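Visitor: Structure supplied as coords.txt; contents: compact mmCIF, C-alpha atoms.
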# COMPACT_ATOMS: atom_id res chain seq x y z
CA MET A 464 79.09 119.40 102.99
CA ARG A 465 78.57 118.55 99.34
CA LYS A 466 81.78 117.33 97.74
CA ARG A 467 82.91 118.25 94.27
CA LYS A 468 85.34 116.36 92.10
CA ARG A 469 88.37 118.35 90.94
CA PHE A 470 91.35 117.43 88.80
CA ARG A 471 94.47 117.38 90.95
CA PHE A 472 97.95 115.99 90.37
CA GLY A 473 96.80 113.84 87.44
CA GLU A 474 93.66 112.48 89.09
CA PHE A 475 90.26 113.60 90.28
CA ALA A 476 90.11 114.66 93.92
CA ASP A 477 87.32 115.51 96.35
CA GLU A 478 86.78 118.86 97.96
CA THR A 479 88.21 118.35 101.46
CA GLU A 480 85.62 117.94 104.20
CA GLY A 481 87.42 120.09 106.78
CA ALA A 482 88.54 122.90 104.49
CA LEU A 483 87.85 126.50 105.52
CA TRP A 484 86.87 127.42 101.94
CA THR A 485 84.69 125.77 99.29
CA ASP A 486 84.56 126.13 95.51
CA ASP A 487 81.04 127.53 95.67
CA LEU A 488 82.07 130.17 98.21
CA ILE A 489 85.05 131.38 96.16
CA ASN A 490 83.22 131.26 92.81
CA GLY A 491 80.26 133.18 94.16
CA LEU A 492 82.49 136.11 95.12
CA ARG A 493 84.73 136.20 92.06
CA VAL A 494 85.11 139.35 89.95
CA LEU A 495 86.78 139.75 86.53
CA ARG A 496 89.24 142.23 85.16
CA SER A 497 87.91 145.05 83.00
CA ASP A 498 87.88 144.66 79.23
CA ASP A 499 91.14 146.63 78.92
CA GLY A 500 92.88 144.36 81.44
CA THR A 501 92.81 146.78 84.38
CA LEU A 502 91.49 145.90 87.81
CA PRO A 503 87.69 146.15 88.09
CA VAL A 504 87.69 148.06 91.39
CA SER A 505 89.42 151.04 92.96
CA LEU A 506 91.83 149.98 95.68
CA LYS A 507 93.06 152.24 98.45
CA ARG A 508 95.91 149.98 99.54
CA ILE A 509 97.86 147.08 98.01
CA VAL A 510 100.42 144.76 99.55
CA ILE A 511 102.62 141.93 98.32
CA ALA A 512 102.96 139.10 100.85
CA ILE A 513 105.82 136.60 100.85
CA ASP A 514 106.03 133.28 102.67
CA PRO A 515 109.58 132.22 101.74
CA ALA A 516 110.81 128.65 101.50
CA VAL A 517 113.55 127.72 103.97
CA THR A 518 115.87 126.35 101.27
CA SER A 519 116.20 126.66 97.49
CA LYS A 520 116.81 123.02 96.56
CA ASP A 521 114.81 121.16 93.91
CA THR A 522 112.89 119.44 96.72
CA SER A 523 112.23 122.68 98.62
CA ASP A 524 108.79 124.08 99.38
CA GLU A 525 107.34 126.77 97.17
CA THR A 526 107.70 130.41 98.12
CA GLY A 527 104.26 131.92 98.52
CA ILE A 528 103.83 135.29 96.79
CA ILE A 529 100.39 136.91 96.77
CA ALA A 530 99.31 140.39 95.64
CA ALA A 531 96.15 141.68 97.30
CA GLY A 532 94.40 144.96 97.99
CA ILE A 533 91.62 146.52 100.02
CA GLY A 534 88.92 148.49 98.25
CA PHE A 535 87.15 151.65 99.30
CA ASP A 536 84.26 149.33 100.10
CA GLY A 537 86.41 147.68 102.79
CA HIS A 538 86.52 144.38 100.90
CA LEU A 539 89.59 142.25 100.25
CA TYR A 540 90.59 141.68 96.61
CA VAL A 541 93.14 138.97 95.79
CA ILE A 542 94.87 140.14 92.64
CA GLU A 543 97.59 137.71 91.65
CA ASP A 544 99.43 134.57 92.76
CA LYS A 545 103.11 134.22 91.78
CA THR A 546 103.90 131.29 94.09
CA ASP A 547 106.54 128.89 92.77
CA CYS A 548 109.88 127.26 93.59
CA TYR A 549 112.49 130.01 93.46
CA LYS A 550 116.01 130.73 94.47
CA PRO A 551 116.16 133.65 96.98
CA THR A 552 117.04 136.32 94.42
CA GLU A 553 114.34 134.99 92.09
CA TRP A 554 111.49 135.29 94.59
CA ALA A 555 112.75 138.73 95.57
CA LYS A 556 112.65 139.87 91.94
CA GLN A 557 109.16 138.40 91.47
CA ALA A 558 107.83 140.14 94.59
CA ILE A 559 109.37 143.48 93.67
CA ALA A 560 108.10 143.20 90.09
CA LEU A 561 104.56 142.85 91.48
CA TYR A 562 105.21 145.70 93.93
CA GLN A 563 106.22 148.00 91.08
CA HIS A 564 103.60 146.78 88.60
CA TYR A 565 100.67 147.37 90.93
CA ARG A 566 102.30 150.37 92.62
CA ALA A 567 101.84 148.57 95.91
CA ASP A 568 102.21 150.20 99.29
CA ARG A 569 104.26 147.55 101.05
CA ILE A 570 105.88 144.13 100.88
CA ILE A 571 105.13 141.84 103.83
CA GLY A 572 107.54 139.03 104.67
CA GLU A 573 107.15 136.20 107.17
CA VAL A 574 110.41 135.97 109.10
CA ASN A 575 109.90 132.81 111.18
CA ASN A 576 112.45 130.99 109.05
CA GLY A 577 114.40 133.63 107.13
CA GLY A 578 114.77 136.35 109.76
CA ASP A 579 116.49 139.56 108.64
CA LEU A 580 117.81 137.73 105.58
CA ILE A 581 114.47 138.28 103.79
CA GLU A 582 114.73 142.05 103.99
CA THR A 583 118.41 141.92 103.04
CA ILE A 584 117.64 139.93 99.88
CA LEU A 585 114.75 142.22 98.92
CA ARG A 586 116.77 145.41 99.43
CA GLY A 587 119.59 143.89 97.44
CA VAL A 588 117.22 144.04 94.48
CA ASP A 589 115.59 147.40 95.33
CA ASN A 590 116.52 149.29 98.49
CA LYS A 591 113.67 151.79 98.08
CA ILE A 592 110.82 149.39 98.77
CA SER A 593 108.48 149.75 101.73
CA TYR A 594 108.85 146.57 103.78
CA ARG A 595 107.50 145.13 107.03
CA SER A 596 108.33 141.81 108.61
CA VAL A 597 105.70 139.66 110.31
CA HIS A 598 106.25 136.85 112.79
CA ALA A 599 103.78 134.06 113.47
CA THR A 600 102.94 133.74 117.16
CA ARG A 601 99.76 131.67 116.69
CA ASP A 602 99.13 128.42 114.85
CA LYS A 603 98.13 128.48 111.18
CA LEU A 604 94.49 127.56 111.73
CA THR A 605 93.98 130.35 114.27
CA ARG A 606 95.49 132.86 111.84
CA ALA A 607 93.49 131.58 108.86
CA GLU A 608 90.03 131.49 110.47
CA PRO A 609 89.45 135.29 110.52
CA ILE A 610 90.39 135.44 106.83
CA ALA A 611 87.98 132.62 105.99
CA ALA A 612 85.34 134.62 107.86
CA LEU A 613 85.83 137.51 105.42
CA TYR A 614 84.85 135.18 102.58
CA GLU A 615 81.83 133.91 104.51
CA GLN A 616 80.73 137.52 105.03
CA GLY A 617 81.02 138.21 101.30
CA LYS A 618 83.92 140.61 101.83
CA ALA A 619 86.72 138.80 99.97
CA HIS A 620 86.98 138.40 96.20
CA HIS A 621 89.38 136.81 93.74
CA ILE A 622 90.07 138.84 90.60
CA GLY A 623 89.93 136.29 87.82
CA GLN A 624 90.78 132.64 88.40
CA LEU A 625 93.65 131.78 90.72
CA LEU A 626 93.44 128.04 90.13
CA GLU A 627 96.36 126.74 92.20
CA LEU A 628 95.63 129.02 95.15
CA GLU A 629 91.98 128.00 95.12
CA LEU A 630 92.87 124.32 94.93
CA GLU A 631 95.02 124.69 98.04
CA MET A 632 92.32 126.67 99.84
CA THR A 633 89.68 123.99 99.22
CA SER A 634 92.06 121.07 99.90
CA TRP A 635 93.79 122.11 103.13
CA GLU A 636 92.19 120.29 106.04
CA ALA A 637 92.85 123.19 108.42
CA LYS A 638 93.80 121.22 111.50
CA LYS A 639 95.74 122.76 114.33
CA ALA A 640 99.50 122.22 114.11
CA GLU A 641 99.08 120.99 110.53
CA ARG A 642 101.36 122.59 107.99
CA SER A 643 99.52 124.82 105.51
CA PRO A 644 100.53 125.42 101.89
CA ASN A 645 102.64 128.49 101.16
CA ARG A 646 99.99 130.12 98.99
CA ILE A 647 97.52 130.10 101.87
CA ASP A 648 100.14 131.48 104.27
CA ALA A 649 100.92 134.37 101.93
CA LEU A 650 97.21 135.04 101.41
CA VAL A 651 96.60 135.10 105.17
CA TRP A 652 99.48 137.53 105.76
CA ALA A 653 98.27 139.86 103.00
CA ALA A 654 94.67 139.81 104.20
CA THR A 655 95.69 140.29 107.83
CA GLU A 656 97.79 143.33 106.93
CA LEU A 657 95.01 144.86 104.84
CA CYS A 658 91.89 144.01 106.80
CA LEU A 659 92.79 143.18 110.39
CA THR A 660 95.67 145.44 111.43
CA GLY A 661 94.49 148.85 110.27
CA GLY A 662 97.69 149.48 108.31
CA ILE A 663 98.60 153.02 107.29
CA ILE A 664 97.78 154.01 103.72
CA THR A 665 100.87 155.47 102.05
CA GLY A 666 99.14 156.79 98.96
CA ARG A 667 101.12 154.74 96.41
CA ALA A 668 98.13 152.68 95.34
CA LYS A 669 96.18 154.18 92.44
CA PHE A 670 92.68 153.62 91.12
CA HIS A 671 93.73 151.68 88.04
CA PHE A 672 96.88 149.96 86.93
CA ARG A 673 98.76 149.19 83.77
CA LYS A 674 97.26 146.52 81.56
CA ASN A 675 97.78 142.88 82.29
CA VAL A 676 96.73 139.79 80.39
CA ARG A 677 92.98 139.57 80.72
CA GLN A 678 91.82 136.62 82.77
CA LYS A 679 88.62 135.08 81.41
CA MET A 680 86.38 132.56 83.05
CA MET A 681 87.01 129.29 81.24
CA PRO A 682 84.48 126.44 80.99
CA ARG A 683 85.04 123.76 83.58
CA LYS A 684 85.57 121.14 80.84
CA TRP A 685 88.45 123.23 79.44
CA LEU A 686 90.04 123.51 82.88
CA LEU A 687 89.89 119.77 83.48
CA ASN A 688 91.54 119.09 80.14
CA ASN A 689 94.31 121.65 80.61
CA TYR A 690 95.26 121.43 84.30
What do you get writing this file as structure tokens?
Guide:
Amino acid sequence: MRKRKRFRFGEFADETEGALWTDDLINGLRVLRSDDGTLPVSLKRIVIAIDPAVTSKDTSDETGIIAAGIGFDGHLYVIEDKTDCYKPTEWAKQAIALYQHYRADRIIGEVNNGGDLIETILRGVDNKISYRSVHATRDKLTRAEPIAALYEQGKAHHIGQLLELELEMTSWEAKKAERSPNRIDALVWAATELCLTGGIITGRAKFHFRKNVRQKMMPRKWLLNNY
């Protein structure tokens, strides 16, 4: 595999040899928002996936929050990444804001660590949301491989540049029993719900959505100087 230098944590880093995704693969499938800031495709279903951190300390892991949809073409479209270090009520508000903004059909939450507390926190912010919990019964690599296969088949696209998510995707070594970053976990849960489980379409998702800040493709030199 050809390696590519990327700027990471203040230094240049190689594309990881054992990663399930490569820069070339992701870039070759990328699509951009329309000129007015709306999504470039019609989506029949949208979900918001959450991989919550166990604690909310300064040293805690990030809470993965990914918005994604499935098009009428059957392809996966990754819309937005709001992953960050949050307190519980903060990540709940972020997830619900995405849910409302994109008129999503459901919020998906991994409950291996948080249990029923995740739904309780979310409904404390908005008790009208559609929510489903998911529980990991297989290791992270086994769950991620079918999603990586969607990219290899040309059936998964990022809308605009999701720099931090893409860095994690091309840096994770994808070994069994190895901990994966929270962005990847949230992406895998969203894609699994949309593409691999045959989830029911509720009809909330619309063809186009309110305007968002337009994401433009920036020259690589600009990215290296600003990230």
Visitor: Using only C-alpha atoms, can you list as a list in words the residues within 12 Å of (114.8, 147.8, 101.6)?
Guide: Ala555, Ile559, Arg569, Ile570, Ile571, Gly572, Asp579, Leu580, Ile581, Glu582, Thr583, Ile584, Leu585, Arg586, Gly587, Val588, Asp589, Asn590, Lys591, Ile592, Ser593, Tyr594, Arg595 and Ser596 of chain A
Visitor: One number please: CA of Glu480 (chain A) to CA of Leu495 (chain A), in Å, one decimal.
Guide: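 For CA of Glu480 (chain A) relative to CA of Leu495 (chain A), the distance reads 28.1 Å.
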Visitor: In terms of the shortest atom-to-atom distance over all atoms listed in the file, which of A:Glu608, A:Asp487, A:Asp547, A:Glu615 is closest to Ala516 (chain A)?
Guide: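 Closest to Ala516 (chain A) of all the choices is A:Asp547.
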Visitor: Name the closest residue to Glu573 (chain A) among the candidates A:Tyr549, A:Trp554, A:Tyr540, A:Trp652; distances are taken between atoms, counting all atoms listed in the file.
Guide: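 Ranked by minimum distance to Glu573 (chain A), first place goes to A:Trp652.
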Visitor: Separation of CA of Gly481 (chain A) and CA of Cys658 (chain A), in Å?
Guide: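 One can read the CA of Gly481 (chain A) to CA of Cys658 (chain A) distance as 24.3 Å.
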Visitor: Pick from A:Ala649, A:Ala599, A:Leu630, A:Leu539: nearest to Gly527 (chain A), with all atoms listed in the file counted?
Guide: A:Ala649
Visitor: To one decimal in Å, tell me the separation between CA of Ile529 (chain A) and CA of Asp544 (chain A).
Guide: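 Here the two named atoms are 4.7 Å from each other.
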